[in-house]
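> Provided herewith is a single structure, encoded as structure tokens, for subsequent inquiry.
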There are 2 protein chains.
Amino acid sequence: MNYVLLEPEDFAAEDRVRLAGRRLRHVREILKSAIGDEVRVGVINGKIGKGRIERVDEDSLEMSVLLDCLPPDPLPLRLVLALPRPKVLNRTIAAATSMGIREIDLINSWRVEKSYWKSPRLSAENLRMHSILGLEQAGDTVLPTIRLHRLFKPFVRDELPHIIHGRLALLAQPGEEIEAPRQILQPAVLAIGPEGGFIEREVETFREIGFTPVSLGARILRVETAVACLIGRLF
Amino acid sequence: MNYVLLEPEDFAAEDRVRLAGRRLRHVREILKSAIGDEVRVGVINGKIGKGRIERVDEDSLEMSVLLDCLPPDPLPLRLVLALPRPKVLNRTIAAATSMGIREIDLINSWRVEKSYWKSPRLSAENLRMHSILGLEQAGDTVLPTIRLHRLFKPFVRDELPHIIHGRLALLAQPGEEIEAPRQILQPAVLAIGPEGGFIEREVETFREIGFTPVSLGARILRVETAVACLIGRLF
């Protein structure tokens, strides 16, 4: 937590917040901040700035806040991701959010186990929590929009062609011969398959609607490593 | 585990291995492989290839193996990393190894808590285990060399100048004005600080011996995200 993210209900006055729970513990136990110390803050979907601790005890703390900077620019990238294993989902959402991705589509695929769609980690509350962890890490404030698409074809065939209109559409698929491009100067949509990749029929569907399958080399990377590596390369 | 990594002691004959424990469970429970099925294998510090399951029960399995391919090329990058929190160390080692980093120096820094150096995760056994997880992910076989440097100055002042000789030396530091370069065509050494970055005096020391401090933009990324993002950009 490099930034303490504030919610509208934290505000006791226009420039004063009261915090308890996880954020209080972080400020007291990790940052070890005391009265008069400054911490970096941001307000959800708003500006970033500084908070000055005015009062702190075991139950709550109060800060006066000055929110005077815009959060960093988003990445012009929409991520279309085959639903990862529940264990991997949280950290992938946090990592993608920390890098500035504002739109994430979680989709089905042949190699996505059906049980993954029943995971409690897909609750709006959990997805929001892990998005917030990514924002707190990066110093951003703007929550990503995360959409769930439990059927592959209706989304990829009917919706995705409109989404990629005017954008570079790339499908990261291990074993493809074309290398991922570098330093693209346009918005992009990046699709990443499940562990083991999309099956050939799915790759064909992506290709038909205008995606270019690209590879990152001979190594098979974990999804959050592959996303970070591709973002470093593309932008 | 995309590849099952074999140790010399697994071999019952030149082309036959017997496995138990973690790898047996993976083949039975995750891959759900049965007699006659093929799995991807590699031998530690050796070749990669295929294994054919000849016998499998609750206690062990036997495979005939054909090791006929070289593992993917390493990345021409040495990573100098301020010792991360123990919780972060395992996944950073696995991620770095999966991307092909063969030399990792874990160093001290002002903002590294002393207690981190006492973590059991720094044992050779644990570092090897998490390197293997990275190799199994990527389809590589060559273990990285991981060195511990508990004193900042003797390593950075006396050893590092020799290490960076003939290589591009970059220090990733949030807030620096120079952006990280792209697609470098030479070997490199990349230094990454602790959460919160190296302190100014440490940055000066790196600069004096020939490192260029570079930034990845306004966002503060987790160490394993930053490493992946920089690798995507540099290579």
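Scheme for the structure tokens: letters A, B, ... for chains in order shown; per-chain residue numbers from 1; ligand numbers from 1 in order shown.
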Would you mind aligning chain A to chain B, a least-squares fit over all C-alpha atoms taken in order, and returning the superposed chain as a PDB file with C-alpha atoms, in the first residue's frame?


ATOM      1  CA  MET A   1       3.894 -26.947 -13.924  1.00  0.00           C
ATOM      2  CA  ASN A   2       4.038 -27.013 -17.720  1.00  0.00           C
ATOM      3  CA  TYR A   3       7.121 -29.251 -17.653  1.00  0.00           C
ATOM      4  CA  VAL A   4       8.020 -31.984 -15.181  1.00  0.00           C
ATOM      5  CA  LEU A   5      11.622 -31.376 -14.128  1.00  0.00           C
ATOM      6  CA  LEU A   6      13.752 -34.446 -13.545  1.00  0.00           C
ATOM      7  CA  GLU A   7      16.699 -34.785 -11.186  1.00  0.00           C
ATOM      8  CA  PRO A   8      19.638 -37.152 -11.821  1.00  0.00           C
ATOM      9  CA  GLU A   9      18.478 -39.430  -8.990  1.00  0.00           C
ATOM     10  CA  ASP A  10      15.079 -39.921 -10.671  1.00  0.00           C
ATOM     11  CA  PHE A  11      16.686 -42.016 -13.408  1.00  0.00           C
ATOM     12  CA  ALA A  12      16.319 -45.797 -13.020  1.00  0.00           C
ATOM     13  CA  ALA A  13      17.915 -46.272 -16.448  1.00  0.00           C
ATOM     14  CA  GLU A  14      19.232 -43.945 -19.120  1.00  0.00           C
ATOM     15  CA  ASP A  15      15.776 -43.387 -20.623  1.00  0.00           C
ATOM     16  CA  ARG A  16      13.547 -44.261 -17.676  1.00  0.00           C
ATOM     17  CA  VAL A  17      12.574 -42.321 -14.566  1.00  0.00           C
ATOM     18  CA  ARG A  18      10.590 -43.090 -11.427  1.00  0.00           C
ATOM     19  CA  LEU A  19       8.773 -40.224  -9.680  1.00  0.00           C
ATOM     20  CA  ALA A  20       6.857 -39.821  -6.413  1.00  0.00           C
ATOM     21  CA  GLY A  21       5.605 -36.946  -4.243  1.00  0.00           C
ATOM     22  CA  ARG A  22       4.762 -33.537  -5.713  1.00  0.00           C
ATOM     23  CA  ARG A  23       5.417 -34.468  -9.340  1.00  0.00           C
ATOM     24  CA  LEU A  24       3.440 -37.717  -9.100  1.00  0.00           C
ATOM     25  CA  ARG A  25       0.486 -35.801  -7.629  1.00  0.00           C
ATOM     26  CA  HIS A  26       0.700 -33.212 -10.378  1.00  0.00           C
ATOM     27  CA  VAL A  27       0.683 -35.815 -13.154  1.00  0.00           C
ATOM     28  CA  ARG A  28      -2.165 -37.801 -11.559  1.00  0.00           C
ATOM     29  CA  GLU A  29      -4.370 -35.041 -10.175  1.00  0.00           C
ATOM     30  CA  ILE A  30      -3.804 -31.978 -12.341  1.00  0.00           C
ATOM     31  CA  LEU A  31      -2.778 -33.410 -15.697  1.00  0.00           C
ATOM     32  CA  LYS A  32      -4.923 -36.511 -15.027  1.00  0.00           C
ATOM     33  CA  SER A  33      -2.500 -38.484 -17.178  1.00  0.00           C
ATOM     34  CA  ALA A  34      -2.718 -42.271 -17.518  1.00  0.00           C
ATOM     35  CA  ILE A  35      -0.553 -45.016 -19.020  1.00  0.00           C
ATOM     36  CA  GLY A  36       0.453 -44.140 -22.561  1.00  0.00           C
ATOM     37  CA  ASP A  37      -0.025 -40.384 -22.127  1.00  0.00           C
ATOM     38  CA  GLU A  38       2.831 -38.025 -22.863  1.00  0.00           C
ATOM     39  CA  VAL A  39       3.974 -35.185 -20.638  1.00  0.00           C
ATOM     40  CA  ARG A  40       6.583 -32.505 -21.276  1.00  0.00           C
ATOM     41  CA  VAL A  41       9.751 -33.073 -19.291  1.00  0.00           C
ATOM     42  CA  GLY A  42      13.206 -31.584 -18.810  1.00  0.00           C
ATOM     43  CA  VAL A  43      16.250 -32.649 -16.865  1.00  0.00           C
ATOM     44  CA  ILE A  44      17.810 -30.169 -14.440  1.00  0.00           C
ATOM     45  CA  ASN A  45      20.570 -28.245 -16.237  1.00  0.00           C
ATOM     46  CA  GLY A  46      20.010 -30.409 -19.321  1.00  0.00           C
ATOM     47  CA  LYS A  47      17.692 -30.976 -22.265  1.00  0.00           C
ATOM     48  CA  ILE A  48      13.916 -30.927 -22.569  1.00  0.00           C
ATOM     49  CA  GLY A  49      11.665 -33.449 -24.301  1.00  0.00           C
ATOM     50  CA  LYS A  50       8.792 -35.841 -23.699  1.00  0.00           C
ATOM     51  CA  GLY A  51       7.997 -38.533 -21.162  1.00  0.00           C
ATOM     52  CA  ARG A  52       5.577 -41.420 -21.806  1.00  0.00           C
ATOM     53  CA  ILE A  53       3.844 -42.840 -18.767  1.00  0.00           C
ATOM     54  CA  GLU A  54       4.558 -46.574 -18.512  1.00  0.00           C
ATOM     55  CA  ARG A  55       3.165 -47.272 -15.058  1.00  0.00           C
ATOM     56  CA  VAL A  56       1.346 -45.166 -12.479  1.00  0.00           C
ATOM     57  CA  ASP A  57      -0.204 -45.902  -9.078  1.00  0.00           C
ATOM     58  CA  GLU A  58      -0.729 -44.084  -5.793  1.00  0.00           C
ATOM     59  CA  ASP A  59       2.897 -44.339  -4.707  1.00  0.00           C
ATOM     60  CA  SER A  60       4.935 -43.707  -7.828  1.00  0.00           C
ATOM     61  CA  LEU A  61       5.001 -43.538 -11.608  1.00  0.00           C
ATOM     62  CA  GLU A  62       7.455 -44.586 -14.267  1.00  0.00           C
ATOM     63  CA  MET A  63       8.066 -42.818 -17.561  1.00  0.00           C
ATOM     64  CA  SER A  64      10.244 -43.532 -20.538  1.00  0.00           C
ATOM     65  CA  VAL A  65      11.805 -40.249 -21.572  1.00  0.00           C
ATOM     66  CA  LEU A  66      13.219 -38.795 -24.764  1.00  0.00           C
ATOM     67  CA  LEU A  67      15.277 -35.658 -24.169  1.00  0.00           C
ATOM     68  CA  ASP A  68      15.998 -34.221 -27.597  1.00  0.00           C
ATOM     69  CA  CYS A  69      15.692 -30.417 -27.410  1.00  0.00           C
ATOM     70  CA  LEU A  70      17.757 -27.656 -25.878  1.00  0.00           C
ATOM     71  CA  PRO A  71      16.000 -25.480 -23.290  1.00  0.00           C
ATOM     72  CA  PRO A  72      15.188 -21.883 -24.362  1.00  0.00           C
ATOM     73  CA  ASP A  73      18.016 -19.349 -24.424  1.00  0.00           C
ATOM     74  CA  PRO A  74      18.703 -17.451 -21.223  1.00  0.00           C
ATOM     75  CA  LEU A  75      18.098 -13.732 -20.990  1.00  0.00           C
ATOM     76  CA  PRO A  76      21.368 -11.725 -21.136  1.00  0.00           C
ATOM     77  CA  LEU A  77      20.415 -10.008 -17.899  1.00  0.00           C
ATOM     78  CA  ARG A  78      21.795 -10.128 -14.381  1.00  0.00           C
ATOM     79  CA  LEU A  79      19.341  -8.976 -11.736  1.00  0.00           C
ATOM     80  CA  VAL A  80      20.550  -7.082  -8.647  1.00  0.00           C
ATOM     81  CA  LEU A  81      17.638  -6.941  -6.276  1.00  0.00           C
ATOM     82  CA  ALA A  82      17.261  -5.338  -2.854  1.00  0.00           C
ATOM     83  CA  LEU A  83      16.129  -8.267  -0.719  1.00  0.00           C
ATOM     84  CA  PRO A  84      12.310  -8.281  -0.911  1.00  0.00           C
ATOM     85  CA  ARG A  85       9.954  -9.098   1.951  1.00  0.00           C
ATOM     86  CA  PRO A  86       9.986 -12.857   2.579  1.00  0.00           C
ATOM     87  CA  LYS A  87       6.419 -13.163   1.285  1.00  0.00           C
ATOM     88  CA  VAL A  88       7.427 -11.542  -2.004  1.00  0.00           C
ATOM     89  CA  LEU A  89      10.768 -13.340  -2.359  1.00  0.00           C
ATOM     90  CA  ASN A  90       9.444 -16.736  -3.503  1.00  0.00           C
ATOM     91  CA  ARG A  91       7.298 -15.451  -6.319  1.00  0.00           C
ATOM     92  CA  THR A  92       9.964 -12.978  -7.453  1.00  0.00           C
ATOM     93  CA  ILE A  93      12.541 -15.762  -7.744  1.00  0.00           C
ATOM     94  CA  ALA A  94      10.057 -17.959  -9.631  1.00  0.00           C
ATOM     95  CA  ALA A  95       9.026 -15.129 -11.981  1.00  0.00           C
ATOM     96  CA  ALA A  96      12.625 -14.064 -12.704  1.00  0.00           C
ATOM     97  CA  THR A  97      13.646 -17.668 -13.364  1.00  0.00           C
ATOM     98  CA  SER A  98      10.645 -18.252 -15.651  1.00  0.00           C
ATOM     99  CA  MET A  99      11.765 -15.307 -17.784  1.00  0.00           C
ATOM    100  CA  GLY A 100      15.252 -16.741 -18.212  1.00  0.00           C
ATOM    101  CA  ILE A 101      17.316 -14.760 -15.720  1.00  0.00           C
ATOM    102  CA  ARG A 102      20.324 -16.888 -14.764  1.00  0.00           C
ATOM    103  CA  GLU A 103      22.045 -14.656 -12.211  1.00  0.00           C
ATOM    104  CA  ILE A 104      20.362 -12.967  -9.288  1.00  0.00           C
ATOM    105  CA  ASP A 105      22.118 -10.958  -6.577  1.00  0.00           C
ATOM    106  CA  LEU A 106      20.046 -10.261  -3.477  1.00  0.00           C
ATOM    107  CA  ILE A 107      21.529  -7.216  -1.748  1.00  0.00           C
ATOM    108  CA  ASN A 108      21.035  -5.149   1.347  1.00  0.00           C
ATOM    109  CA  SER A 109      19.772  -1.564   1.279  1.00  0.00           C
ATOM    110  CA  TRP A 110      18.799   1.056   3.849  1.00  0.00           C
ATOM    111  CA  ARG A 111      15.099   0.260   3.432  1.00  0.00           C
ATOM    112  CA  VAL A 112      15.508  -3.538   3.662  1.00  0.00           C
ATOM    113  CA  GLU A 113      14.376  -4.588   7.136  1.00  0.00           C
ATOM    114  CA  LYS A 114      17.139  -6.443   8.968  1.00  0.00           C
ATOM    115  CA  SER A 115      14.744  -9.244   9.896  1.00  0.00           C
ATOM    116  CA  TYR A 116      14.362 -10.188   6.213  1.00  0.00           C
ATOM    117  CA  TRP A 117      17.904 -11.552   6.262  1.00  0.00           C
ATOM    118  CA  LYS A 118      16.897 -14.062   8.928  1.00  0.00           C
ATOM    119  CA  SER A 119      14.023 -15.514   6.906  1.00  0.00           C
ATOM    120  CA  PRO A 120      14.175 -19.296   6.356  1.00  0.00           C
ATOM    121  CA  ARG A 121      13.132 -18.519   2.783  1.00  0.00           C
ATOM    122  CA  LEU A 122      16.750 -17.522   2.115  1.00  0.00           C
ATOM    123  CA  SER A 123      17.895 -21.122   2.568  1.00  0.00           C
ATOM    124  CA  ALA A 124      19.551 -22.648  -0.479  1.00  0.00           C
ATOM    125  CA  GLU A 125      16.849 -25.314  -0.455  1.00  0.00           C
ATOM    126  CA  ASN A 126      13.975 -22.829  -0.599  1.00  0.00           C
ATOM    127  CA  LEU A 127      15.621 -20.661  -3.266  1.00  0.00           C
ATOM    128  CA  ARG A 128      16.230 -23.793  -5.348  1.00  0.00           C
ATOM    129  CA  MET A 129      12.605 -24.920  -4.926  1.00  0.00           C
ATOM    130  CA  HIS A 130      11.203 -21.626  -6.187  1.00  0.00           C
ATOM    131  CA  SER A 131      13.704 -21.511  -9.022  1.00  0.00           C
ATOM    132  CA  ILE A 132      12.453 -24.955 -10.032  1.00  0.00           C
ATOM    133  CA  LEU A 133       8.844 -23.727  -9.974  1.00  0.00           C
ATOM    134  CA  GLY A 134       9.893 -20.996 -12.420  1.00  0.00           C
ATOM    135  CA  LEU A 135      11.691 -23.489 -14.674  1.00  0.00           C
ATOM    136  CA  GLU A 136       8.693 -25.872 -14.636  1.00  0.00           C
ATOM    137  CA  GLN A 137       6.451 -22.982 -15.625  1.00  0.00           C
ATOM    138  CA  ALA A 138       8.610 -21.791 -18.510  1.00  0.00           C
ATOM    139  CA  GLY A 139       9.952 -25.061 -19.913  1.00  0.00           C
ATOM    140  CA  ASP A 140      13.522 -24.244 -18.947  1.00  0.00           C
ATOM    141  CA  THR A 141      15.968 -26.486 -17.069  1.00  0.00           C
ATOM    142  CA  VAL A 142      18.913 -24.332 -16.055  1.00  0.00           C
ATOM    143  CA  LEU A 143      18.930 -23.227 -12.419  1.00  0.00           C
ATOM    144  CA  PRO A 144      19.875 -19.600 -11.775  1.00  0.00           C
ATOM    145  CA  THR A 145      22.789 -18.728  -9.518  1.00  0.00           C
ATOM    146  CA  ILE A 146      21.458 -16.737  -6.577  1.00  0.00           C
ATOM    147  CA  ARG A 147      23.974 -14.874  -4.415  1.00  0.00           C
ATOM    148  CA  LEU A 148      23.318 -13.134  -1.095  1.00  0.00           C
ATOM    149  CA  HIS A 149      25.154  -9.914  -0.215  1.00  0.00           C
ATOM    150  CA  ARG A 150      24.374  -8.819   3.325  1.00  0.00           C
ATOM    151  CA  LEU A 151      26.492  -5.666   3.063  1.00  0.00           C
ATOM    152  CA  PHE A 152      25.627  -3.026   0.489  1.00  0.00           C
ATOM    153  CA  LYS A 153      28.923  -1.223   0.104  1.00  0.00           C
ATOM    154  CA  PRO A 154      31.427  -4.080  -0.310  1.00  0.00           C
ATOM    155  CA  PHE A 155      29.240  -5.574  -3.019  1.00  0.00           C
ATOM    156  CA  VAL A 156      28.178  -2.432  -4.879  1.00  0.00           C
ATOM    157  CA  ARG A 157      31.497  -0.558  -4.584  1.00  0.00           C
ATOM    158  CA  ASP A 158      33.956  -3.424  -4.993  1.00  0.00           C
ATOM    159  CA  GLU A 159      32.282  -6.241  -6.908  1.00  0.00           C
ATOM    160  CA  LEU A 160      29.593  -4.637  -9.039  1.00  0.00           C
ATOM    161  CA  PRO A 161      31.976  -2.442 -11.129  1.00  0.00           C
ATOM    162  CA  HIS A 162      33.598  -5.644 -12.428  1.00  0.00           C
ATOM    163  CA  ILE A 163      30.223  -7.284 -13.034  1.00  0.00           C
ATOM    164  CA  ILE A 164      28.873  -4.422 -15.162  1.00  0.00           C
ATOM    165  CA  HIS A 165      32.021  -4.158 -17.259  1.00  0.00           C
ATOM    166  CA  GLY A 166      30.883  -4.348 -20.920  1.00  0.00           C
ATOM    167  CA  ARG A 167      27.204  -4.405 -20.010  1.00  0.00           C
ATOM    168  CA  LEU A 168      24.464  -1.803 -19.881  1.00  0.00           C
ATOM    169  CA  ALA A 169      23.885  -0.986 -16.198  1.00  0.00           C
ATOM    170  CA  LEU A 170      20.404   0.278 -15.308  1.00  0.00           C
ATOM    171  CA  LEU A 171      18.908   1.166 -11.965  1.00  0.00           C
ATOM    172  CA  ALA A 172      15.093   1.141 -11.899  1.00  0.00           C
ATOM    173  CA  GLN A 173      14.078   3.864  -9.497  1.00  0.00           C
ATOM    174  CA  PRO A 174      10.585   5.405  -9.228  1.00  0.00           C
ATOM    175  CA  GLY A 175      10.555   9.134  -9.899  1.00  0.00           C
ATOM    176  CA  GLU A 176      13.645   9.298 -12.125  1.00  0.00           C
ATOM    177  CA  GLU A 177      13.234  11.444 -15.229  1.00  0.00           C
ATOM    178  CA  ILE A 178      14.988   9.258 -17.794  1.00  0.00           C
ATOM    179  CA  GLU A 179      12.756   6.539 -19.193  1.00  0.00           C
ATOM    180  CA  ALA A 180      14.054   2.993 -19.425  1.00  0.00           C
ATOM    181  CA  PRO A 181      15.518   2.256 -22.889  1.00  0.00           C
ATOM    182  CA  ARG A 182      13.918  -0.144 -25.377  1.00  0.00           C
ATOM    183  CA  GLN A 183      15.158  -3.188 -27.217  1.00  0.00           C
ATOM    184  CA  ILE A 184      18.748  -3.003 -26.135  1.00  0.00           C
ATOM    185  CA  LEU A 185      21.089  -5.222 -28.104  1.00  0.00           C
ATOM    186  CA  GLN A 186      23.667  -5.920 -25.425  1.00  0.00           C
ATOM    187  CA  PRO A 187      23.854  -7.760 -22.096  1.00  0.00           C
ATOM    188  CA  ALA A 188      22.611  -5.790 -19.142  1.00  0.00           C
ATOM    189  CA  VAL A 189      22.607  -5.574 -15.362  1.00  0.00           C
ATOM    190  CA  LEU A 190      19.367  -4.330 -13.835  1.00  0.00           C
ATOM    191  CA  ALA A 191      19.237  -3.126 -10.226  1.00  0.00           C
ATOM    192  CA  ILE A 192      15.886  -2.764  -8.487  1.00  0.00           C
ATOM    193  CA  GLY A 193      15.447  -1.240  -5.044  1.00  0.00           C
ATOM    194  CA  PRO A 194      13.244  -2.181  -2.121  1.00  0.00           C
ATOM    195  CA  GLU A 195       9.671  -0.988  -1.670  1.00  0.00           C
ATOM    196  CA  GLY A 196      10.085   2.780  -1.449  1.00  0.00           C
ATOM    197  CA  GLY A 197      13.225   2.673  -3.629  1.00  0.00           C
ATOM    198  CA  PHE A 198      16.919   3.020  -2.798  1.00  0.00           C
ATOM    199  CA  ILE A 199      17.780   6.068  -0.678  1.00  0.00           C
ATOM    200  CA  GLU A 200      19.510   8.990  -2.373  1.00  0.00           C
ATOM    201  CA  ARG A 201      22.979   8.024  -1.079  1.00  0.00           C
ATOM    202  CA  GLU A 202      22.599   4.533  -2.498  1.00  0.00           C
ATOM    203  CA  VAL A 203      21.421   5.895  -5.846  1.00  0.00           C
ATOM    204  CA  GLU A 204      24.551   8.083  -5.854  1.00  0.00           C
ATOM    205  CA  THR A 205      26.755   5.050  -5.268  1.00  0.00           C
ATOM    206  CA  PHE A 206      25.152   3.218  -8.188  1.00  0.00           C
ATOM    207  CA  ARG A 207      25.548   6.304 -10.346  1.00  0.00           C
ATOM    208  CA  GLU A 208      29.225   6.691  -9.421  1.00  0.00           C
ATOM    209  CA  ILE A 209      30.086   3.175 -10.522  1.00  0.00           C
ATOM    210  CA  GLY A 210      28.290   3.607 -13.858  1.00  0.00           C
ATOM    211  CA  PHE A 211      24.593   2.824 -13.452  1.00  0.00           C
ATOM    212  CA  THR A 212      21.950   4.975 -15.159  1.00  0.00           C
ATOM    213  CA  PRO A 213      18.860   5.505 -12.994  1.00  0.00           C
ATOM    214  CA  VAL A 214      15.721   5.074 -15.119  1.00  0.00           C
ATOM    215  CA  SER A 215      12.011   5.172 -14.461  1.00  0.00           C
ATOM    216  CA  LEU A 216       9.039   3.172 -15.672  1.00  0.00           C
ATOM    217  CA  GLY A 217       6.626   6.079 -15.389  1.00  0.00           C
ATOM    218  CA  ALA A 218       4.467   7.519 -12.645  1.00  0.00           C
ATOM    219  CA  ARG A 219       3.181   4.210 -11.299  1.00  0.00           C
ATOM    220  CA  ILE A 220       4.863   2.321  -8.476  1.00  0.00           C
ATOM    221  CA  LEU A 221       4.859  -1.362  -9.454  1.00  0.00           C
ATOM    222  CA  ARG A 222       5.424  -4.447  -7.367  1.00  0.00           C
ATOM    223  CA  VAL A 223       8.893  -5.834  -7.845  1.00  0.00           C
ATOM    224  CA  GLU A 224       7.874  -8.857  -9.919  1.00  0.00           C
ATOM    225  CA  THR A 225       5.611  -6.692 -12.112  1.00  0.00           C
ATOM    226  CA  ALA A 226       8.401  -4.147 -12.588  1.00  0.00           C
ATOM    227  CA  VAL A 227      10.916  -6.865 -13.526  1.00  0.00           C
ATOM    228  CA  ALA A 228       8.553  -8.381 -16.120  1.00  0.00           C
ATOM    229  CA  CYS A 229       7.612  -4.978 -17.520  1.00  0.00           C
ATOM    230  CA  LEU A 230      11.274  -3.927 -17.855  1.00  0.00           C
ATOM    231  CA  ILE A 231      12.249  -7.212 -19.484  1.00  0.00           C
ATOM    232  CA  GLY A 232       9.445  -6.826 -22.015  1.00  0.00           C
ATOM    233  CA  ARG A 233      10.779  -3.372 -22.788  1.00  0.00           C
ATOM    234  CA  LEU A 234      14.509  -4.086 -22.847  1.00  0.00           C
ATOM    235  CA  PHE A 235      14.620  -7.333 -24.840  1.00  0.00           C
TER     236      PHE A 235
END

> Write down as an MDAnalysis selection string the residues of range 6-185 of chain A whose backbone DSSP state falls under strand (DSSP E).

chainID A and resid 6 11:13 16:19 38:43 48:56 61:69 77:82 103:107 145:149 168:172

> Once DSSP has gone over the backbone, tell me which residues of range 26-159 of chain A are in helix (DSSP H, G or I), as JSON, numbers by chain.

{"A": [26, 27, 28, 29, 30, 86, 87, 88, 89, 90, 91, 92, 93, 94, 95, 96, 97, 98, 114, 115, 116, 117, 118, 120, 121, 122, 124, 125, 126, 127, 128, 129, 130, 131, 132, 133, 134, 135, 136, 137, 138, 152, 153, 154, 155, 156, 157, 158, 159]}
